[in-house]
$ cat my_file31.txt   # compact mmCIF, C-alpha atoms and all ligand atoms
# COMPACT_ATOMS: atom_id res chain seq x y z
CA MET A 30 0.00 0.00 0.00
CA SER A 31 1.41 3.40 -0.91
CA SER A 32 1.81 6.17 1.65
CA ARG A 33 0.31 9.67 1.62
CA VAL A 34 3.60 11.15 0.35
CA GLU A 35 3.82 8.65 -2.50
CA GLU A 36 0.21 9.32 -3.42
CA ILE A 37 0.66 13.12 -3.53
CA ILE A 38 3.81 12.84 -5.62
CA ARG A 39 2.25 10.34 -8.00
CA ARG A 40 -0.85 12.54 -8.44
CA ARG A 41 1.20 15.68 -9.11
CA VAL A 42 3.48 13.89 -11.58
CA LEU A 43 0.41 12.46 -13.35
CA THR A 44 -1.31 15.85 -13.51
CA GLU A 45 1.73 17.38 -15.19
CA VAL A 46 2.71 14.56 -17.52
CA GLU A 47 -0.86 14.08 -18.76
CA LYS A 48 -0.66 17.62 -20.19
CA TYR A 49 2.23 16.63 -22.48
CA PRO A 50 1.59 15.22 -25.95
CA PHE A 51 2.19 11.45 -26.22
CA PHE A 52 5.82 10.39 -25.81
CA GLN A 53 7.52 7.04 -25.42
CA ARG A 54 11.25 7.56 -24.82
CA ALA A 55 12.31 9.91 -22.04
CA VAL A 56 15.75 11.03 -20.94
CA VAL A 57 15.86 11.73 -17.19
CA ALA A 58 18.70 14.03 -16.15
CA LEU A 59 20.20 12.35 -13.09
CA SER A 60 22.59 14.43 -10.98
CA GLY A 61 22.93 12.07 -8.02
CA GLY A 62 20.96 14.40 -5.75
CA LYS A 63 17.60 13.79 -4.08
CA ASP A 64 15.45 15.65 -6.62
CA SER A 65 16.41 13.82 -9.79
CA GLY A 66 16.80 10.49 -7.94
CA SER A 67 13.22 10.86 -6.68
CA LEU A 68 11.95 11.97 -10.08
CA LEU A 69 13.39 8.88 -11.75
CA HIS A 70 11.67 6.60 -9.25
CA ALA A 71 8.38 8.48 -9.16
CA PHE A 72 8.22 8.60 -12.95
CA ILE A 73 8.91 4.89 -13.36
CA ASP A 74 6.35 4.07 -10.66
CA THR A 75 3.73 6.18 -12.42
CA TYR A 76 4.62 5.20 -16.00
CA PRO A 77 6.11 1.69 -15.95
CA ASN A 78 5.61 1.24 -19.70
CA LYS A 79 7.58 4.25 -20.90
CA GLU A 80 11.19 3.87 -21.99
CA VAL A 81 13.50 5.77 -19.63
CA ILE A 82 17.19 6.57 -20.16
CA PRO A 83 18.93 8.09 -17.14
CA VAL A 84 21.74 10.44 -18.21
CA HIS A 85 24.43 11.89 -15.94
CA LEU A 86 26.82 14.69 -16.83
CA ASN A 87 30.16 14.39 -15.06
CA LEU A 88 31.34 18.01 -14.86
CA GLY A 89 34.83 17.28 -13.53
CA ILE A 90 34.43 19.18 -10.24
CA LYS A 91 37.09 17.73 -7.99
CA GLY A 92 35.68 15.46 -5.27
CA PHE A 93 32.08 16.43 -6.01
CA SER A 94 31.67 14.99 -9.50
CA GLU A 95 33.07 11.56 -8.59
CA ALA A 96 30.59 11.30 -5.71
CA SER A 97 27.71 12.61 -7.85
CA GLU A 98 28.36 10.01 -10.54
CA CYS A 99 28.58 7.27 -7.95
CA PHE A 100 25.16 8.20 -6.46
CA ALA A 101 23.58 8.63 -9.90
CA LYS A 102 24.78 5.12 -10.76
CA MET A 103 23.26 3.70 -7.56
CA GLN A 104 19.95 5.46 -8.24
CA ALA A 105 19.80 4.11 -11.80
CA GLU A 106 20.71 0.59 -10.66
CA ARG A 107 18.05 0.73 -7.99
CA ALA A 108 15.54 1.51 -10.73
CA GLY A 109 16.89 -1.40 -12.80
CA LEU A 110 18.38 0.90 -15.44
CA ARG A 111 21.83 1.48 -16.86
CA LEU A 112 23.16 4.97 -16.40
CA MET A 113 24.56 6.79 -19.39
CA VAL A 114 27.46 9.02 -18.35
CA PHE A 115 28.79 11.95 -20.35
CA ASN A 116 32.18 12.99 -19.00
CA LEU A 117 33.06 16.57 -19.94
CA LYS A 118 36.82 16.10 -19.63
CA ARG A 119 36.81 12.94 -21.72
CA GLU A 120 34.39 14.14 -24.38
CA LEU A 121 35.21 17.84 -24.63
CA GLY A 122 38.68 18.13 -23.15
CA PHE A 123 37.81 20.52 -20.31
CA THR A 124 35.92 20.59 -17.01
CA ILE A 125 33.66 23.11 -15.34
CA MET A 126 36.61 23.98 -13.09
CA ASP A 127 38.57 24.92 -16.22
CA ALA A 128 35.61 26.99 -17.40
CA GLU A 129 35.50 28.78 -14.04
CA ARG A 130 38.98 30.19 -14.64
CA LEU A 131 37.62 32.02 -17.66
CA TYR A 132 34.07 32.63 -16.42
CA PRO A 133 34.10 33.44 -12.69
CA LYS A 134 30.27 33.43 -12.66
CA VAL A 135 30.43 29.84 -13.80
CA CYS A 136 26.98 28.75 -12.53
CA SER A 137 25.02 30.21 -15.42
CA VAL A 138 27.64 29.01 -17.92
CA CYS A 139 27.43 25.53 -16.37
CA GLY A 140 23.61 25.66 -16.55
CA GLY A 141 23.79 26.52 -20.25
CA PHE A 142 26.27 23.69 -20.90
CA LYS A 143 24.02 21.21 -19.11
CA ARG A 144 20.96 22.28 -21.11
CA TYR A 145 22.86 22.10 -24.39
CA LEU A 146 24.47 18.73 -23.70
CA LEU A 147 21.30 17.08 -22.42
CA ASN A 148 19.51 18.23 -25.55
CA LYS A 149 22.30 16.93 -27.80
CA ILE A 150 22.41 13.57 -26.02
CA ALA A 151 18.60 13.21 -26.05
CA PHE A 152 18.53 14.14 -29.74
CA GLU A 153 21.17 11.52 -30.58
CA LEU A 154 19.34 8.90 -28.51
CA GLY A 155 16.11 9.58 -30.39
CA ALA A 156 14.34 10.60 -27.18
CA ASP A 157 10.99 12.41 -27.30
CA ILE A 158 11.43 14.38 -24.11
CA ILE A 159 13.95 15.41 -21.41
CA LEU A 160 12.62 15.33 -17.87
CA THR A 161 14.31 17.44 -15.20
CA ALA A 162 13.58 17.59 -11.48
CA HIS A 163 13.10 21.34 -10.89
CA HIS A 164 10.68 21.62 -7.98
CA LEU A 165 8.14 24.17 -6.76
CA GLU A 166 10.64 26.37 -4.90
CA ASP A 167 13.07 26.36 -7.85
CA PHE A 168 10.32 27.86 -10.00
CA LEU A 169 9.14 30.33 -7.38
CA VAL A 170 12.69 31.63 -6.94
CA ARG A 171 13.23 31.91 -10.67
CA MET A 172 9.95 33.70 -11.33
CA LEU A 173 10.25 36.02 -8.36
CA LYS A 174 13.75 37.01 -9.46
CA SER A 175 12.47 37.74 -12.97
CA VAL A 176 9.63 39.94 -11.70
CA LEU A 177 11.75 41.94 -9.25
CA ASN A 178 14.67 42.37 -11.66
CA ALA A 179 12.40 43.34 -14.58
CA GLY A 180 13.44 40.16 -16.37
CA PHE A 181 10.16 40.10 -18.27
CA GLU A 182 11.55 38.29 -21.30
CA GLU A 183 12.74 35.50 -19.06
CA LEU A 184 9.38 35.37 -17.32
CA ALA A 185 7.56 35.32 -20.66
CA ARG A 186 9.71 32.37 -21.71
CA PHE A 187 8.78 30.51 -18.55
CA LYS A 188 6.95 27.24 -19.18
CA THR A 189 6.76 23.99 -17.26
CA TYR A 190 6.58 22.14 -20.56
CA LEU A 191 8.42 23.13 -23.72
CA PRO A 192 7.29 21.39 -26.90
CA ARG A 193 9.80 20.10 -29.40
CA ASN A 194 11.12 22.69 -31.84
CA GLY A 195 13.22 21.23 -34.68
CA ASN A 196 16.32 19.68 -33.13
CA LEU A 197 15.45 21.06 -29.69
CA ILE A 198 13.84 18.17 -27.80
CA ALA A 199 10.69 18.71 -25.69
CA LYS A 200 11.32 19.44 -22.01
CA GLY A 201 9.11 18.58 -19.08
CA ARG A 202 9.27 19.35 -15.37
CA PRO A 203 6.94 16.87 -13.66
CA PHE A 204 7.92 18.13 -10.15
CA CYS A 205 6.97 21.76 -10.80
CA ARG A 206 4.16 21.57 -8.22
CA VAL A 207 6.06 19.39 -5.74
CA PRO A 208 7.69 21.19 -2.78
CA GLU A 209 11.23 20.25 -1.82
CA SER A 210 10.22 19.02 1.65
CA LEU A 211 7.98 16.39 0.07
CA ILE A 212 10.80 15.23 -2.20
CA VAL A 213 13.05 14.75 0.83
CA GLU A 214 10.33 12.70 2.57
CA TYR A 215 9.83 10.65 -0.58
CA ALA A 216 13.55 9.96 -1.02
CA PHE A 217 13.86 8.70 2.56
CA LEU A 218 10.65 6.72 2.37
CA LYS A 219 11.71 4.93 -0.81
CA GLY A 220 15.30 4.43 0.37
CA ILE A 221 16.73 6.33 -2.58
CA PRO A 222 20.47 6.91 -2.12
CA PHE A 223 21.47 10.51 -2.80
CA LEU A 224 24.33 12.94 -2.39
CA SER A 225 23.35 15.75 -0.03
CA GLU A 226 26.51 17.78 -0.61
CA LYS A 227 26.03 20.87 -2.79
CA CYS A 228 28.27 21.90 -5.66
CA PRO A 229 31.34 23.53 -4.06
CA ILE A 230 32.03 26.04 -6.82
CA GLY A 231 28.58 27.44 -7.43
CA ARG A 232 28.14 30.89 -5.87
CA LYS A 233 24.43 31.01 -5.24
CA GLU A 234 24.03 33.57 -2.42
CA ASN A 235 21.55 35.45 -4.55
CA VAL A 236 19.43 32.36 -5.11
CA GLU A 237 19.63 31.54 -1.40
CA ARG A 238 18.34 35.01 -0.49
CA PHE A 239 15.37 34.60 -2.81
CA ARG A 240 14.82 31.13 -1.44
CA ARG A 241 14.63 32.50 2.10
CA THR A 242 12.24 35.20 0.89
CA VAL A 243 9.95 32.54 -0.58
CA GLU A 244 9.98 30.70 2.76
CA ILE A 245 9.09 33.89 4.64
CA LEU A 246 6.30 34.79 2.21
CA ALA A 247 4.78 31.35 2.02
CA ARG A 248 5.00 29.24 5.11
CA ARG A 249 2.43 26.72 3.93
CA GLN A 250 2.53 24.52 0.85
CA SER A 251 -0.86 25.83 -0.27
CA GLN A 252 0.47 29.39 -0.31
CA LYS A 253 3.43 28.35 -2.41
CA LEU A 254 1.08 26.68 -4.89
CA LEU A 255 -1.05 29.81 -4.99
CA TYR A 256 1.98 32.01 -5.73
CA PHE A 257 3.08 29.54 -8.37
CA SER A 258 -0.32 29.78 -10.12
CA SER A 259 -0.30 33.59 -9.94
CA LEU A 260 3.20 33.87 -11.39
CA THR A 261 2.43 31.28 -14.08
CA LYS A 262 -0.65 33.31 -15.08
CA LEU A 263 1.49 36.46 -15.24
CA ALA A 264 3.97 34.65 -17.49
CA GLU A 265 1.12 33.54 -19.78
CA MET A 266 -0.28 37.07 -19.93
CA LEU A 267 3.15 38.36 -20.96
CA GLN A 268 3.44 35.64 -23.60
CA ASN A 269 0.03 36.51 -25.05
CA SER A 270 0.39 40.29 -24.82
CA GLY A 271 2.92 40.52 -27.65
CA ALA A 272 4.85 43.06 -25.55
CA VAL A 273 7.79 40.71 -25.30
CA THR A 274 9.21 39.36 -28.54
CA MET A 275 10.70 35.90 -28.61
CA PRO A 276 14.05 35.59 -30.39
CA GLU A 277 14.05 33.91 -33.77
CA LEU A 278 15.97 30.63 -33.75
CA THR A 279 18.29 29.60 -36.58
CA PRO A 280 20.76 26.67 -36.82
CA CYS A 281 24.11 27.38 -35.13
CA SER A 282 26.75 27.73 -37.86
CA SER A 283 29.02 25.37 -35.94
CA CYS A 284 26.84 22.57 -34.47
CA GLY A 285 23.51 22.99 -36.25
CA PHE A 286 21.34 23.12 -33.12
CA LEU A 287 18.79 25.94 -33.10
CA ALA A 288 20.04 29.08 -31.37
CA SER A 289 19.24 32.76 -31.09
CA SER A 290 22.62 33.84 -32.47
CA GLU A 291 24.68 32.87 -35.52
CA ILE A 292 26.90 30.69 -33.35
CA CYS A 293 25.29 29.20 -30.23
CA SER A 294 26.58 30.15 -26.78
CA PHE A 295 27.81 26.60 -26.15
CA CYS A 296 30.00 26.53 -29.28
CA ALA A 297 31.25 30.08 -28.70
CA ARG A 298 32.22 29.37 -25.09
CA MET A 299 33.73 25.99 -25.85
CA LYS A 300 35.96 27.62 -28.47
CA LYS A 301 37.08 30.29 -25.97
CA ILE A 302 37.78 27.75 -23.21
CA ARG A 303 39.82 25.54 -25.53
CA ALA A 304 41.82 28.52 -26.78
CA PHE A 305 42.40 29.65 -23.20
CA LEU A 306 43.57 26.20 -22.09
CA GLY A 307 45.73 25.88 -25.21
CA ARG A 308 47.50 29.17 -24.43
CA ASP A 309 47.80 28.14 -20.81
CA GLN A 310 49.45 24.84 -21.67
CA ALA A 311 51.72 26.24 -24.41
CA PRO A 312 55.44 26.03 -23.51
FE1 LIG A 401 27.32 23.73 -12.26
FE2 LIG A 401 28.01 23.75 -9.76
S1 LIG A 401 26.88 22.24 -10.80
S2 LIG A 401 28.51 25.21 -11.23
ZN ZN A 402 26.54 25.45 -31.63
$ encode --input "my_file31.txt" --output "structure tokens" --more "lines below"
Ligand code: FES
Ligand code: ZN
Amino acid sequence: MSSRVEEIIRRRVLTEVEKYPFFQRAVVALSGGKDSGSLLHAFIDTYPNKEVIPVHLNLGIKGFSEASECFAKMQAERAGLRLMVFNLKRELGFTIMDAERLYPKVCSVCGGFKRYLLNKIAFELGADIILTAHHLEDFLVRMLKSVLNAGFEELARFKTYLPRNGNLIAKGRPFCRVPESLIVEYAFLKGIPFLSEKCPIGRKENVERFRRTVEILARRQSQKLLYFSSLTKLAEMLQNSGAVTMPELTPCSSCGFLASSEICSFCARMKKIRAFLGRDQAP
């Protein structure tokens, strides 16, 4: 018999996923943490007949990435699946720590790399959708930041489901209405192994401040859900108002994936990092 926590999570995952068009093969981004580990298990429990490929990106962050990969592997094994690992150093010749030397605000660069690589991997695997484990508070923080910093374009782009566009695979966030506390309960309840350590090089004070603000504003889960609905409606209004124009996407001249500039930010940054490391290593 399933517990109350399992039931809530299953219902919320179902409510979200049922909004997506039919899909059969899903890539689940597995970091080794509690959120994605729980998503993998909750998704498989809810949709046992879908094909799921867990993918882990090893970013080459000393100490942290080895442990993350190890936990991601355990989570996949526990779900009876084989983990696919993409190792940045091996595949691209540099790590996120190398990138940090060139981009001190490496978090957003790292986020962009992860989005690009997951899309590329999912595309090559013939997947229909990429599922990520962003939860309710992640979205509240992101939307609140956009509103207060006049980031209206970002808010207008906000969606919990992004349909496929050419070689950009569909993206879904089945945990968007699941609070973090419930995920923690679920992970313990289901005995999901996870790494609780946070990334040591990410400087996220700003995010933490917004996170605390969300906790002060909304002490109860129901309030958080209410704020989430209000901000989602605001994002939809912005999308429909025509006041914010969405960038036109064209194939990147280097990799061919759709991007808003002639050469996509991934290719441009990768080129810079390689040149930087090349100069660094030159005799
Ligand atoms: Fe990307 Fe920490 S995981 S900077
Ligand atoms: Zn490119």
$ residues_around --input "my_file31.txt" --residues "stretch 98-112 of chain A" --least-positions-apart "3" --cutoff "7 Å" --atoms "only C-alpha atoms" --output "list in words"
Leu59, Ser60, Gly61, Gly66, His70, Pro83, Val84, His85, Asn87, Ser94, Glu95, Ile221, Pro222, Phe223 and Leu224 of chain A
$ closest_atom_pairs --input "my_file31.txt" --of "chain A" --to "ligand ZN 402 (chain A)" --cutoff "10 Å" --atoms "all atoms listed in the file" --output "JSON lines"
{"residue": "A:Tyr145", "atom": "CA", "partner": "A:ZN402", "partner_atom": "ZN", "distance": 8.8}
{"residue": "A:Pro280", "atom": "CA", "partner": "A:ZN402", "partner_atom": "ZN", "distance": 7.9}
{"residue": "A:Cys281", "atom": "CA", "partner": "A:ZN402", "partner_atom": "ZN", "distance": 4.7}
{"residue": "A:Ser282", "atom": "CA", "partner": "A:ZN402", "partner_atom": "ZN", "distance": 6.6}
{"residue": "A:Ser283", "atom": "CA", "partner": "A:ZN402", "partner_atom": "ZN", "distance": 5.0}
{"residue": "A:Cys284", "atom": "CA", "partner": "A:ZN402", "partner_atom": "ZN", "distance": 4.1}
{"residue": "A:Gly285", "atom": "CA", "partner": "A:ZN402", "partner_atom": "ZN", "distance": 6.0}
{"residue": "A:Phe286", "atom": "CA", "partner": "A:ZN402", "partner_atom": "ZN", "distance": 5.9}
{"residue": "A:Leu287", "atom": "CA", "partner": "A:ZN402", "partner_atom": "ZN", "distance": 7.9}
{"residue": "A:Ala288", "atom": "CA", "partner": "A:ZN402", "partner_atom": "ZN", "distance": 7.4}
{"residue": "A:Ser290", "atom": "CA", "partner": "A:ZN402", "partner_atom": "ZN", "distance": 9.3}
{"residue": "A:Glu291", "atom": "CA", "partner": "A:ZN402", "partner_atom": "ZN", "distance": 8.6}
{"residue": "A:Ile292", "atom": "CA", "partner": "A:ZN402", "partner_atom": "ZN", "distance": 5.5}
{"residue": "A:Cys293", "atom": "CA", "partner": "A:ZN402", "partner_atom": "ZN", "distance": 4.2}
{"residue": "A:Ser294", "atom": "CA", "partner": "A:ZN402", "partner_atom": "ZN", "distance": 6.8}
{"residue": "A:Phe295", "atom": "CA", "partner": "A:ZN402", "partner_atom": "ZN", "distance": 5.7}
{"residue": "A:Cys296", "atom": "CA", "partner": "A:ZN402", "partner_atom": "ZN", "distance": 4.3}
{"residue": "A:Ala297", "atom": "CA", "partner": "A:ZN402", "partner_atom": "ZN", "distance": 7.2}
{"residue": "A:Arg298", "atom": "CA", "partner": "A:ZN402", "partner_atom": "ZN", "distance": 9.5}
{"residue": "A:Met299", "atom": "CA", "partner": "A:ZN402", "partner_atom": "ZN", "distance": 9.2}
$ atom_distance --input "my_file31.txt" --atom1 "atom CA of A:Leu260" --atom2 "atom CA of A:Met172"
6.8 Å
$ closest_residue --input "my_file31.txt" --among "A:Asn269, A:Lys219, A:Cys136, A:Ile159" --to "A:Pro192" --atoms "all atoms listed in the file"
A:Ile159
$ residues_near_ligand --input "my_file31.txt" --ligand "ligand LIG 401 (chain A)" --cutoff "9 Å" --atoms "all atoms listed in the file" --output "list in words"
Ser60, Leu88, Ile90, Ser94, Ile125, Met126, Glu129, Lys134, Val135, Cys136, Ser137, Val138, Cys139, Gly140, Phe142, Lys143, Lys227, Cys228, Pro229, Ile230, Gly231 and Arg232 of chain A
$ closest_residue --input "my_file31.txt" --among "A:Ala162, A:Leu86, A:Val273, A:Leu146" --to "A:Arg206" --atoms "all atoms listed in the file"
A:Ala162
$ atom_distance --input "my_file31.txt" --atom1 "atom CA of A:Arg241" --atom2 "atom CA of A:Glu183"
21.5 Å
$ closest_residue --input "my_file31.txt" --among "A:Ala216, A:Leu306, A:Cys205, A:Val176" --to "A:Leu131" --atoms "only C-alpha atoms"
A:Leu306
$ closest_residue --input "my_file31.txt" --among "A:Glu226, A:Phe239, A:Leu160, A:Phe152" --to "A:Asn196" --atoms "only C-alpha atoms"
A:Phe152
